[in-house]
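Student: Just coords.txt, nothing more (compact mmCIF, C-alpha atoms and all ligand atoms):
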# COMPACT_ATOMS: atom_id res chain seq x y z
CA MET X 1 18.05 -27.20 8.18
CA PHE X 2 16.04 -25.37 5.56
CA GLU X 3 13.54 -28.18 5.08
CA ASN X 4 12.11 -26.82 8.35
CA ILE X 5 11.22 -23.47 6.84
CA ALA X 6 7.49 -23.10 6.37
CA GLU X 7 6.07 -22.00 3.02
CA SER X 8 5.75 -18.20 2.92
CA ARG X 9 2.37 -16.74 2.09
CA SER X 10 2.91 -15.05 -1.27
CA ASP X 11 2.28 -11.29 -1.31
CA PRO X 12 -0.92 -10.75 -3.38
CA LEU X 13 0.55 -7.57 -4.89
CA LEU X 14 3.60 -9.50 -6.19
CA GLN X 15 1.24 -12.06 -7.69
CA LEU X 16 -0.68 -9.23 -9.35
CA ILE X 17 2.57 -7.90 -10.88
CA ALA X 18 3.42 -11.38 -12.21
CA ASP X 19 -0.11 -11.90 -13.62
CA TYR X 20 -0.02 -8.49 -15.30
CA ALA X 21 3.41 -9.19 -16.84
CA ALA X 22 2.18 -12.54 -18.20
CA ASP X 23 -0.97 -11.01 -19.78
CA THR X 24 -0.44 -10.69 -23.54
CA ARG X 25 -3.47 -8.47 -24.27
CA PRO X 26 -2.08 -5.25 -25.82
CA ASP X 27 -4.47 -2.84 -24.08
CA LYS X 28 -3.92 -4.12 -20.54
CA ILE X 29 -3.97 -1.50 -17.77
CA ASP X 30 -1.98 -1.78 -14.53
CA LEU X 31 -3.59 0.01 -11.59
CA GLY X 32 -1.92 -2.22 -9.01
CA VAL X 33 1.71 -1.22 -8.52
CA GLY X 34 2.24 1.73 -6.17
CA VAL X 35 4.58 3.95 -8.18
CA PHE X 36 3.84 7.25 -9.87
CA LYS X 37 3.60 7.03 -13.65
CA ASP X 38 3.49 9.82 -16.17
CA GLU X 39 1.00 10.15 -19.03
CA ASN X 40 3.08 7.61 -21.02
CA GLY X 41 3.08 5.04 -18.25
CA GLN X 42 6.72 5.73 -17.34
CA THR X 43 8.33 6.47 -13.96
CA PRO X 44 11.18 8.71 -15.12
CA VAL X 45 14.08 10.11 -13.11
CA LEU X 46 13.23 13.74 -12.24
CA ALA X 47 15.37 16.36 -13.99
CA SER X 48 16.27 17.88 -10.61
CA VAL X 49 17.46 14.46 -9.43
CA LYS X 50 19.53 13.94 -12.60
CA ALA X 51 21.13 17.36 -12.14
CA ALA X 52 21.96 16.63 -8.49
CA GLU X 53 23.38 13.25 -9.49
CA GLN X 54 25.62 14.90 -12.08
CA ARG X 55 26.97 17.23 -9.41
CA LEU X 56 27.60 14.33 -7.08
CA VAL X 57 29.49 12.37 -9.74
CA GLN X 58 31.67 15.39 -10.31
CA ASP X 59 32.18 16.58 -6.75
CA GLN X 60 31.98 13.54 -4.49
CA GLU X 61 35.47 12.89 -3.11
CA SER X 62 34.94 9.75 -1.10
CA LYS X 63 32.69 6.78 -0.74
CA SER X 64 33.82 6.05 2.78
CA TYR X 65 31.02 5.21 5.25
CA VAL X 66 28.50 7.92 6.04
CA GLY X 67 28.17 8.27 9.83
CA MET X 68 25.75 6.26 11.95
CA LEU X 69 23.07 8.94 11.65
CA GLY X 70 23.50 9.17 7.91
CA ASP X 71 23.95 12.47 6.14
CA LEU X 72 23.33 15.18 8.78
CA SER X 73 22.54 17.83 6.18
CA PHE X 74 19.86 15.48 4.79
CA GLY X 75 18.41 15.04 8.29
CA ARG X 76 18.20 18.79 8.81
CA ALA X 77 16.65 19.41 5.39
CA VAL X 78 14.01 16.71 5.81
CA SER X 79 13.17 17.88 9.34
CA GLU X 80 12.58 21.35 7.92
CA LEU X 81 10.50 20.03 5.04
CA VAL X 82 8.28 18.19 7.51
CA LEU X 83 8.14 20.53 10.48
CA GLY X 84 8.79 23.93 8.91
CA SER X 85 11.58 26.40 9.44
CA ASP X 86 11.65 26.14 13.23
CA PRO X 87 11.73 22.45 14.12
CA ALA X 88 11.85 22.01 17.90
CA SER X 89 15.60 21.98 18.45
CA GLY X 90 16.83 19.92 21.38
CA ARG X 91 13.70 17.77 21.45
CA LEU X 92 14.00 16.62 17.84
CA THR X 93 16.16 13.78 16.52
CA SER X 94 16.56 12.60 12.96
CA LEU X 95 18.22 9.55 11.56
CA GLN X 96 18.58 8.66 7.89
CA THR X 97 17.04 5.28 7.06
CA PRO X 98 16.76 2.88 4.12
CA GLY X 99 13.41 4.20 2.82
CA GLY X 100 10.23 4.91 4.72
CA CYS X 101 9.96 1.23 5.63
CA GLY X 102 13.37 1.40 7.32
CA ALA X 103 12.14 4.36 9.36
CA LEU X 104 8.93 2.55 10.33
CA ARG X 105 10.89 -0.49 11.44
CA LEU X 106 13.44 1.48 13.46
CA LEU X 107 10.79 3.59 15.18
CA PHE X 108 8.65 0.60 16.09
CA GLU X 109 11.78 -1.11 17.47
CA THR X 110 12.27 1.97 19.64
CA VAL X 111 8.66 1.81 20.86
CA LYS X 112 9.21 -1.84 21.71
CA LEU X 113 12.25 -0.91 23.82
CA ALA X 114 10.40 1.84 25.65
CA ARG X 115 7.12 0.00 26.13
CA PRO X 116 7.15 -3.68 25.13
CA ASP X 117 3.44 -4.06 25.97
CA ALA X 118 2.31 -1.09 23.90
CA ILE X 119 -0.59 -1.60 21.52
CA VAL X 120 -0.18 -0.11 18.06
CA TRP X 121 -3.44 1.11 16.51
CA LEU X 122 -3.53 1.04 12.72
CA PRO X 123 -6.26 2.62 10.56
CA SER X 124 -8.85 0.32 9.03
CA PRO X 125 -8.56 0.00 6.13
CA GLY X 126 -4.82 0.55 5.97
CA TRP X 127 -1.55 -0.28 4.26
CA ALA X 128 -0.71 -3.99 4.32
CA ASN X 129 2.95 -3.49 5.25
CA HIS X 130 2.18 -1.69 8.55
CA PRO X 131 0.88 -4.81 10.34
CA ALA X 132 3.77 -6.82 8.87
CA ILE X 133 6.35 -4.37 10.24
CA VAL X 134 4.70 -4.02 13.67
CA ASP X 135 4.39 -7.79 13.93
CA GLY X 136 8.00 -8.15 12.81
CA VAL X 137 9.28 -6.20 15.82
CA GLY X 138 7.04 -8.19 18.15
CA LEU X 139 4.54 -5.48 19.09
CA LYS X 140 0.80 -6.07 19.33
CA PHE X 141 -1.46 -4.27 16.90
CA GLU X 142 -5.18 -3.62 16.52
CA THR X 143 -7.16 -1.39 14.16
CA TYR X 144 -9.21 1.76 14.65
CA PRO X 145 -12.14 2.78 12.42
CA TYR X 146 -11.02 5.16 9.68
CA TYR X 147 -13.00 4.82 6.46
CA ASP X 148 -16.13 3.09 5.21
CA PRO X 149 -15.59 1.66 1.68
CA THR X 150 -19.34 1.12 1.25
CA THR X 151 -20.15 4.83 1.67
CA SER X 152 -16.70 6.14 0.64
CA ASN X 153 -16.65 8.35 3.72
CA LEU X 154 -14.18 8.92 6.53
CA ARG X 155 -15.48 7.47 9.83
CA PHE X 156 -14.20 10.37 11.89
CA ASP X 157 -16.90 10.16 14.57
CA ASP X 158 -16.03 6.51 15.20
CA MET X 159 -12.32 7.31 15.08
CA ARG X 160 -12.73 10.10 17.64
CA GLU X 161 -14.73 7.87 19.94
CA HIS X 162 -12.08 5.21 19.63
CA LEU X 163 -9.20 7.57 20.41
CA GLN X 164 -11.10 8.85 23.45
CA GLY X 165 -10.73 5.39 24.97
CA LEU X 166 -6.92 5.20 24.55
CA SER X 167 -4.16 6.04 27.03
CA ILE X 168 -0.41 6.06 27.55
CA ASN X 169 0.06 2.42 26.56
CA ASP X 170 -1.22 3.12 23.06
CA VAL X 171 0.52 4.18 19.84
CA VAL X 172 -1.68 5.55 17.05
CA LEU X 173 -0.40 5.32 13.50
CA LEU X 174 -1.69 8.14 11.28
CA HIS X 175 -1.04 8.57 7.56
CA GLY X 176 0.30 12.14 7.34
CA CYS X 177 -1.40 12.73 3.96
CA CYS X 178 -2.62 10.79 0.90
CA HIS X 179 -3.90 7.84 2.94
CA ASN X 180 -2.99 4.49 1.41
CA PRO X 181 -5.25 2.79 0.22
CA THR X 182 -8.23 5.17 0.46
CA GLY X 183 -6.98 8.65 -0.53
CA ALA X 184 -9.30 10.00 2.21
CA ASN X 185 -7.58 12.34 4.66
CA LEU X 186 -8.28 14.20 7.87
CA THR X 187 -9.19 17.87 7.51
CA PRO X 188 -7.06 20.42 9.42
CA GLU X 189 -9.86 20.68 12.01
CA GLN X 190 -9.86 16.90 12.46
CA TRP X 191 -6.06 16.90 12.86
CA ASP X 192 -6.50 19.58 15.55
CA GLU X 193 -8.96 17.31 17.35
CA VAL X 194 -6.62 14.32 17.11
CA ALA X 195 -3.78 16.44 18.54
CA GLU X 196 -5.95 17.55 21.49
CA LEU X 197 -7.04 13.94 22.10
CA ALA X 198 -3.39 12.87 22.14
CA VAL X 199 -2.67 15.57 24.74
CA GLU X 200 -5.69 14.62 26.87
CA ARG X 201 -5.40 10.86 26.64
CA GLY X 202 -1.60 10.58 26.51
CA PHE X 203 -1.37 8.15 23.59
CA LEU X 204 1.70 8.41 21.32
CA PRO X 205 0.97 9.66 17.77
CA PHE X 206 3.09 8.13 15.02
CA VAL X 207 2.84 9.85 11.63
CA ASP X 208 3.79 7.98 8.46
CA LEU X 209 4.54 10.64 5.82
CA ALA X 210 5.26 8.88 2.53
CA TYR X 211 3.59 11.19 0.00
CA GLN X 212 4.36 14.78 1.03
CA GLY X 213 3.51 17.02 -1.94
CA PHE X 214 1.26 14.50 -3.69
CA GLY X 215 -1.88 15.76 -1.92
CA THR X 216 -2.46 19.51 -1.71
CA GLY X 217 1.11 20.81 -1.47
CA LEU X 218 4.27 20.46 0.61
CA ASP X 219 3.08 22.59 3.54
CA ALA X 220 -0.58 21.54 3.51
CA ASP X 221 0.40 17.86 3.43
CA ALA X 222 2.53 18.35 6.56
CA TYR X 223 -0.30 20.06 8.48
CA GLY X 224 -1.05 17.08 10.71
CA ALA X 225 2.59 16.40 11.58
CA ARG X 226 3.20 20.09 12.32
CA ARG X 227 0.08 20.48 14.43
CA LEU X 228 0.97 17.43 16.49
CA ALA X 229 4.55 18.69 16.87
CA THR X 230 3.33 21.92 18.44
CA ARG X 231 0.88 20.20 20.81
CA VAL X 232 2.16 16.84 22.02
CA PRO X 233 5.21 16.11 24.17
CA GLU X 234 6.22 13.05 22.14
CA LEU X 235 5.83 12.27 18.45
CA LEU X 236 7.27 9.81 15.94
CA ILE X 237 7.48 10.48 12.19
CA ALA X 238 8.54 8.00 9.49
CA TYR X 239 9.44 9.88 6.32
CA SER X 240 9.88 8.54 2.81
CA CYS X 241 11.50 10.30 -0.15
CA SER X 242 10.66 7.42 -2.49
CA LYS X 243 7.61 9.04 -4.09
CA ASN X 244 8.10 12.79 -3.88
CA PHE X 245 11.67 12.60 -5.23
CA ALA X 246 10.86 9.53 -7.40
CA ILE X 247 13.94 7.74 -6.04
CA TYR X 248 12.17 4.54 -5.06
CA ARG X 249 15.14 2.22 -5.53
CA ASP X 250 17.62 4.48 -3.78
CA ARG X 251 15.95 3.64 -0.45
CA THR X 252 15.85 7.06 1.16
CA GLY X 253 13.93 7.95 4.29
CA ALA X 254 14.23 9.38 7.77
CA ALA X 255 13.10 8.51 11.29
CA LEU X 256 12.21 11.65 13.24
CA THR X 257 11.41 11.70 16.95
CA LEU X 258 10.21 14.45 19.19
CA SER X 259 10.50 13.82 22.90
CA ALA X 260 9.99 15.70 26.13
CA GLY X 261 13.54 17.01 26.56
CA THR X 262 17.16 16.95 25.44
CA ASP X 263 18.04 13.98 27.69
CA ASN X 264 15.31 11.83 26.22
CA ALA X 265 16.31 12.86 22.72
CA LYS X 266 19.92 11.82 23.34
CA ARG X 267 18.87 8.45 24.76
CA ILE X 268 16.49 7.76 21.87
CA LEU X 269 19.13 8.58 19.30
CA ALA X 270 21.73 6.39 21.02
CA GLN X 271 19.31 3.44 21.08
CA MET X 272 18.17 3.93 17.50
CA THR X 273 21.80 4.07 16.39
CA ARG X 274 22.50 0.84 18.26
CA ILE X 275 19.49 -0.91 16.68
CA ALA X 276 20.44 0.27 13.20
CA ARG X 277 24.07 -0.82 13.72
CA ALA X 278 22.97 -4.38 14.49
CA ASP X 279 20.43 -4.36 11.69
CA TYR X 280 21.92 -2.80 8.54
CA SER X 281 24.71 -0.76 10.17
CA MET X 282 24.60 2.42 8.09
CA PRO X 283 22.14 3.79 5.57
CA PRO X 284 22.90 3.95 1.83
CA ASP X 285 24.30 7.33 0.84
CA HIS X 286 23.22 8.10 -2.70
CA GLY X 287 19.52 9.01 -2.39
CA ALA X 288 20.05 11.12 0.70
CA ALA X 289 22.96 12.95 -0.96
CA VAL X 290 20.69 13.70 -3.93
CA VAL X 291 17.87 14.98 -1.70
CA SER X 292 20.25 17.09 0.36
CA THR X 293 21.87 18.55 -2.78
CA ILE X 294 18.44 19.50 -4.15
CA LEU X 295 17.08 20.98 -0.94
CA HIS X 296 20.19 23.06 -0.27
CA ASP X 297 20.40 24.58 -3.74
CA GLU X 298 17.90 27.31 -4.55
CA SER X 299 17.51 26.56 -8.25
CA LEU X 300 17.46 22.76 -7.89
CA ARG X 301 14.93 23.10 -5.09
CA ALA X 302 12.71 25.31 -7.26
CA GLN X 303 13.02 22.83 -10.14
CA TRP X 304 12.12 19.90 -7.88
CA MET X 305 9.11 21.76 -6.46
CA GLN X 306 7.86 22.35 -10.00
CA GLU X 307 8.29 18.71 -10.89
CA LEU X 308 6.53 17.66 -7.70
CA GLU X 309 3.66 20.01 -8.44
CA ALA X 310 3.38 18.55 -11.95
CA MET X 311 3.06 15.05 -10.46
CA GLN X 312 0.42 16.31 -8.01
CA GLN X 313 -1.50 18.02 -10.81
CA ARG X 314 -1.46 14.95 -12.98
CA LEU X 315 -2.99 12.99 -10.08
CA SER X 316 -5.73 15.54 -9.45
CA GLY X 317 -6.41 15.84 -13.21
CA ILE X 318 -6.90 12.09 -13.57
CA ARG X 319 -9.07 12.09 -10.44
CA ALA X 320 -11.31 14.82 -11.85
CA GLY X 321 -11.49 13.03 -15.23
CA VAL X 322 -12.42 9.67 -13.69
CA SER X 323 -15.20 11.04 -11.51
CA ALA X 324 -16.63 13.19 -14.37
CA ALA X 325 -16.60 10.18 -16.71
CA PHE X 326 -18.37 8.01 -14.11
CA ARG X 327 -20.94 10.77 -13.57
CA GLN X 328 -21.64 10.91 -17.29
CA ARG X 329 -21.70 7.14 -17.79
CA LEU X 330 -23.78 6.25 -14.71
CA GLY X 331 -25.87 9.39 -14.38
CA ASN X 332 -25.15 9.59 -10.64
CA ASP X 333 -22.58 10.94 -8.18
CA HIS X 334 -21.48 7.57 -6.79
CA PHE X 335 -17.83 8.01 -7.84
CA ASP X 336 -17.51 11.74 -7.08
CA PHE X 337 -15.30 10.78 -4.13
CA VAL X 338 -12.45 9.95 -6.53
CA ALA X 339 -12.11 13.68 -7.30
CA THR X 340 -12.13 14.86 -3.69
CA GLN X 341 -9.66 12.28 -2.41
CA GLU X 342 -5.92 12.88 -2.69
CA GLY X 343 -2.70 11.12 -3.57
CA MET X 344 -2.03 8.01 -5.58
CA PHE X 345 -4.75 5.71 -4.31
CA SER X 346 -8.50 5.31 -4.05
CA LEU X 347 -10.62 2.35 -3.06
CA LEU X 348 -13.36 1.84 -5.63
CA GLY X 349 -15.45 -0.22 -3.23
CA LEU X 350 -15.84 -3.17 -5.65
CA ALA X 351 -16.37 -6.77 -4.56
CA PRO X 352 -13.55 -9.30 -5.26
CA GLU X 353 -15.68 -10.86 -8.06
CA GLN X 354 -15.95 -7.47 -9.78
CA VAL X 355 -12.18 -6.96 -9.46
CA ALA X 356 -11.65 -10.42 -11.00
CA ARG X 357 -14.03 -9.64 -13.89
CA LEU X 358 -12.17 -6.42 -14.63
CA ARG X 359 -8.98 -8.46 -14.87
CA ASP X 360 -10.39 -11.41 -16.83
CA GLU X 361 -12.77 -9.59 -19.19
CA HIS X 362 -11.09 -6.18 -19.55
CA ALA X 363 -7.36 -6.72 -18.75
CA ILE X 364 -7.55 -4.12 -15.97
CA TYR X 365 -5.47 -5.06 -12.94
CA MET X 366 -5.98 -3.69 -9.42
CA ALA X 367 -5.46 -4.91 -5.85
CA GLY X 368 -8.05 -7.40 -4.57
CA ASP X 369 -9.63 -4.79 -2.26
CA SER X 370 -10.26 -2.63 -5.39
CA ARG X 371 -7.48 -0.13 -4.58
CA ILE X 372 -6.45 1.64 -7.75
CA ASN X 373 -3.28 3.59 -8.45
CA ILE X 374 -4.64 6.76 -10.03
CA ALA X 375 -1.29 7.33 -11.77
CA GLY X 376 -1.73 4.02 -13.60
CA LEU X 377 -4.23 5.73 -15.91
CA SER X 378 -3.50 8.05 -18.82
CA GLU X 379 -6.08 10.65 -19.88
CA ALA X 380 -6.84 8.50 -22.95
CA GLN X 381 -7.49 5.40 -20.85
CA ILE X 382 -10.11 7.07 -18.61
CA PRO X 383 -13.14 6.32 -20.87
CA VAL X 384 -11.96 2.71 -21.40
CA PHE X 385 -11.51 2.19 -17.68
CA VAL X 386 -14.83 3.79 -16.71
CA GLU X 387 -16.75 1.81 -19.35
CA ALA X 388 -15.19 -1.45 -18.13
CA ALA X 389 -15.90 -0.60 -14.47
CA ALA X 390 -19.50 0.33 -15.31
CA ASN X 391 -19.86 -3.05 -17.03
CA VAL X 392 -19.04 -4.99 -13.86
CA LEU X 393 -21.16 -2.89 -11.49
C1 LIG X 401 1.78 4.35 3.58
C2 LIG X 401 3.20 4.09 3.21
N1 LIG X 401 4.16 4.24 4.12
C3 LIG X 401 5.44 4.04 3.86
C4 LIG X 401 5.85 3.66 2.60
C5 LIG X 401 7.33 3.45 2.46
O1 LIG X 401 7.91 3.45 1.26
P1 LIG X 401 9.46 3.20 1.02
O2 LIG X 401 9.97 2.24 2.04
O3 LIG X 401 9.51 2.66 -0.36
O4 LIG X 401 10.14 4.53 1.16
C6 LIG X 401 4.89 3.47 1.59
C7 LIG X 401 5.25 3.02 0.24
O5 LIG X 401 4.49 2.49 -0.52
C8 LIG X 401 3.53 3.71 1.90
O6 LIG X 401 2.55 3.56 1.00
What does this structure look like when you write it as structure tokens?
Tutor:
Amino acid sequence: MFENIAESRSDPLLQLIADYAADTRPDKIDLGVGVFKDENGQTPVLASVKAAEQRLVQDQESKSYVGMLGDLSFGRAVSELVLGSDPASGRLTSLQTPGGCGALRLLFETVKLARPDAIVWLPSPGWANHPAIVDGVGLKFETYPYYDPTTSNLRFDDMREHLQGLSINDVVLLHGCCHNPTGANLTPEQWDEVAELAVERGFLPFVDLAYQGFGTGLDADAYGARRLATRVPELLIAYSCSKNFAIYRDRTGAALTLSAGTDNAKRILAQMTRIARADYSMPPDHGAAVVSTILHDESLRAQWMQELEAMQQRLSGIRAGVSAAFRQRLGNDHFDFVATQEGMFSLLGLAPEQVARLRDEHAIYMAGDSRINIAGLSEAQIPVFVEAAANVL
């Protein structure tokens, strides 16, 4: 049977990881992999997470199945983190999922049930796994203009014009904050415009919030999701705790839906539960139990917020350092955008040959589209990196 399986296209990012691992040069720099790293290149367990885990080890009385919706206290806490202290009760549903990707998959499956012919609009450029997930559930997707890598500017005028042409058959995926791969985000005013366009045109906004707290702060990073929630009748949100709690491997996320009334909400939840049951049945418990423990305990919550802020500050510090070093080395403002963008990623706007030269001549690894993980750099590596990049320009 299996001789009939076609060769799978290898994921370029996995190839990058393998190439980096095989490189024996001692000063190699990895800007490819999408995890936060500290100044020493480590991705440690947060102290707040360790403390919550210790409590769980001590207090947890059973490892029986969590319910179909996952940990309800986790769902409530995440809904509040995203939508603020007064999430629209009755219209809101939340379901714990295996990571943000699990939430994306489940929500797109739900769209497919409701509107099999819907077209999903993804930002261009965007995150490579979005088309894979949308395609995987059998929905059609297209792209809308978002960012111009040649000028390093948002293409908001083009985006607005594009959204003006959409209607009820369309689903628009928006990165809630810290856009991957560009780091370029909508301003609050632009979010307001998108929300009004969604009301006028009737398209369904779908927010992917995978980096809350890595941009400007927990509340500011949720601005878009909150604005949409107050304006539109229906909204989907895929949430990931992988980055902001640094619990990548614990696969912790949530699928939130906002619909026009309690009846719709009940139907959506019943269908999502059914899909999940046939897919992976129930979500893993550990990560969600950790998150819930942290968010429901005043001192653990305060500790986590401090740790999150430290991660955010490291990112903005490296961003400022990189753009200042480029300014000094090149004598121009070409790379100033690195400092104004937010989150883990920026697109340098290099050609594939330049990316290859950085790898071959300088042992600096990044994705083929010149996306860099800002957290892959230490302060000390900034001058080395900027000198190498200047050499291939
Ligand atoms: C834009 C975006 N959405 C969602 C995710 C989901 O992450 P996970 O499934 O690891 O929680 C990621 C992770 O890299 C991401 O970059």
Student: Report as a PyMOL selection string which protein, DNA and RNA residues come within 7 Å of ligand LIG 401 (chain X), using only C-alpha atoms and all ligand atoms.
Tutor: chain X and resi 34+99-102+127+175+179-180+208-210+240-242+248+251-253
Student: Within 6 Å of segment 155-161 of chain X, counting all atoms listed in the file, which residues qualify if same-chain residues fewer than 6 places away don't, as a compact mmCIF listing (two decimals) with C-alpha atoms, in the coordinates of the input?
Tutor:
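For reference, selection13.txt as written:
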# COMPACT_ATOMS: atom_id res chain seq x y z
CA PRO X 145 -12.14 2.78 12.42
CA TYR X 146 -11.02 5.16 9.68
CA TYR X 147 -13.00 4.82 6.46
Student: Which polymer residues, whether protein, DNA or RNA, lie within 8 Å of the coordinate (23.6, 11.0, 12.6) when you count only C-alpha atoms? List them as a list of chain:residue names, using the chain letters and numbers from the file.
Tutor: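 The residues that fall inside the cut-off are X:Gly67, X:Met68, X:Leu69, X:Gly70, X:Asp71, X:Leu72, X:Gly75, X:Ser94, X:Leu95, X:Gln96.
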Student: Work out how far apart atom CA of Arg267 of chain X and atom CA of Arg76 of chain X are and give it in Å to one decimal.
Tutor: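 If I compute the distance from atom CA of Arg267 of chain X to atom CA of Arg76 of chain X, I get 19.0 Å.
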Student: From the list X:Asp221, X:Glu142, X:Glu387, X:Glu361, which residue is nearest Phe326 of chain X when using only C-alpha atoms?
Tutor: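 Nearest to Phe326 of chain X: X:Glu387.
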Student: For atom CA of Pro284 of chain X and atom CA of Trp304 of chain X, determine how far apart the two atoms are, in Å to one decimal place.
Tutor: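 Answer for the atom CA of Pro284 of chain X to atom CA of Trp304 of chain X separation: 21.6 Å.
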Student: Just give me the gap between atom CA of Val137 of chain X and atom CA of Ala265 of chain X in Å, one decimal is fine.
Tutor: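 The value is 21.5 Å.
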Student: I need every residue sitting at most 10 Å from the point (18.5, 17.3, -1.0) (coordinates as in the file, all atoms listed in the file considered), written as a PyMOL selection string.
Tutor: chain X and resi 48-49+52+73-78+241+245+287-297+300-301+304
Student: Rank X:Pro205, X:Gly84, X:Gly41, X:Gly217 by their smallest atom-to-atom distance to Ile119 of chain X, using all atoms listed in the file, and report the top residue only.
Tutor: X:Pro205
Student: Just the residues within 9 Å of Thr110 of chain X, please, counting all atoms listed in the file, with nothing from its chain fewer than 5 positions along; format it as a ChimeraX atom specification.
Tutor: /X:105,115,268,271-272,275
Student: Show which residues sit within 10 Å of Cys178 of chain X, as an NGL selection string. Count all atoms listed in the file, and ignore same-chain residues fewer than 2 positions away.
Tutor: :X and (175-176 or 180-186 or 209-216 or 221 or 341-346)
Student: Nearest residue to Ile237 of chain X out of X:Ala380, X:Met282, X:Leu83, X:Ile318, using all atoms listed in the file?
Tutor: X:Leu83
Student: Quick one: of X:Leu218, X:Thr257, X:Tyr144, X:Leu197, who's nearest to Glu309 of chain X, counting all atoms listed in the file?
Tutor: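 Of X:Leu218, X:Thr257, X:Tyr144, X:Leu197, the one nearest Glu309 of chain X, counting all atoms listed in the file, is X:Leu218.
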Student: Calculated over only C-alpha atoms, which of the candidates X:Gly165, X:Pro44, X:Gly349, X:Pro123 has the smallest distance to Arg201 of chain X?
Tutor: X:Gly165
Student: So which one's closest to Ser259 of chain X, X:Ala222, X:Val134, X:Leu46, X:Leu235? Using only C-alpha atoms, please.
Tutor: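 For Ser259 of chain X, the nearest of the candidates is X:Leu235.
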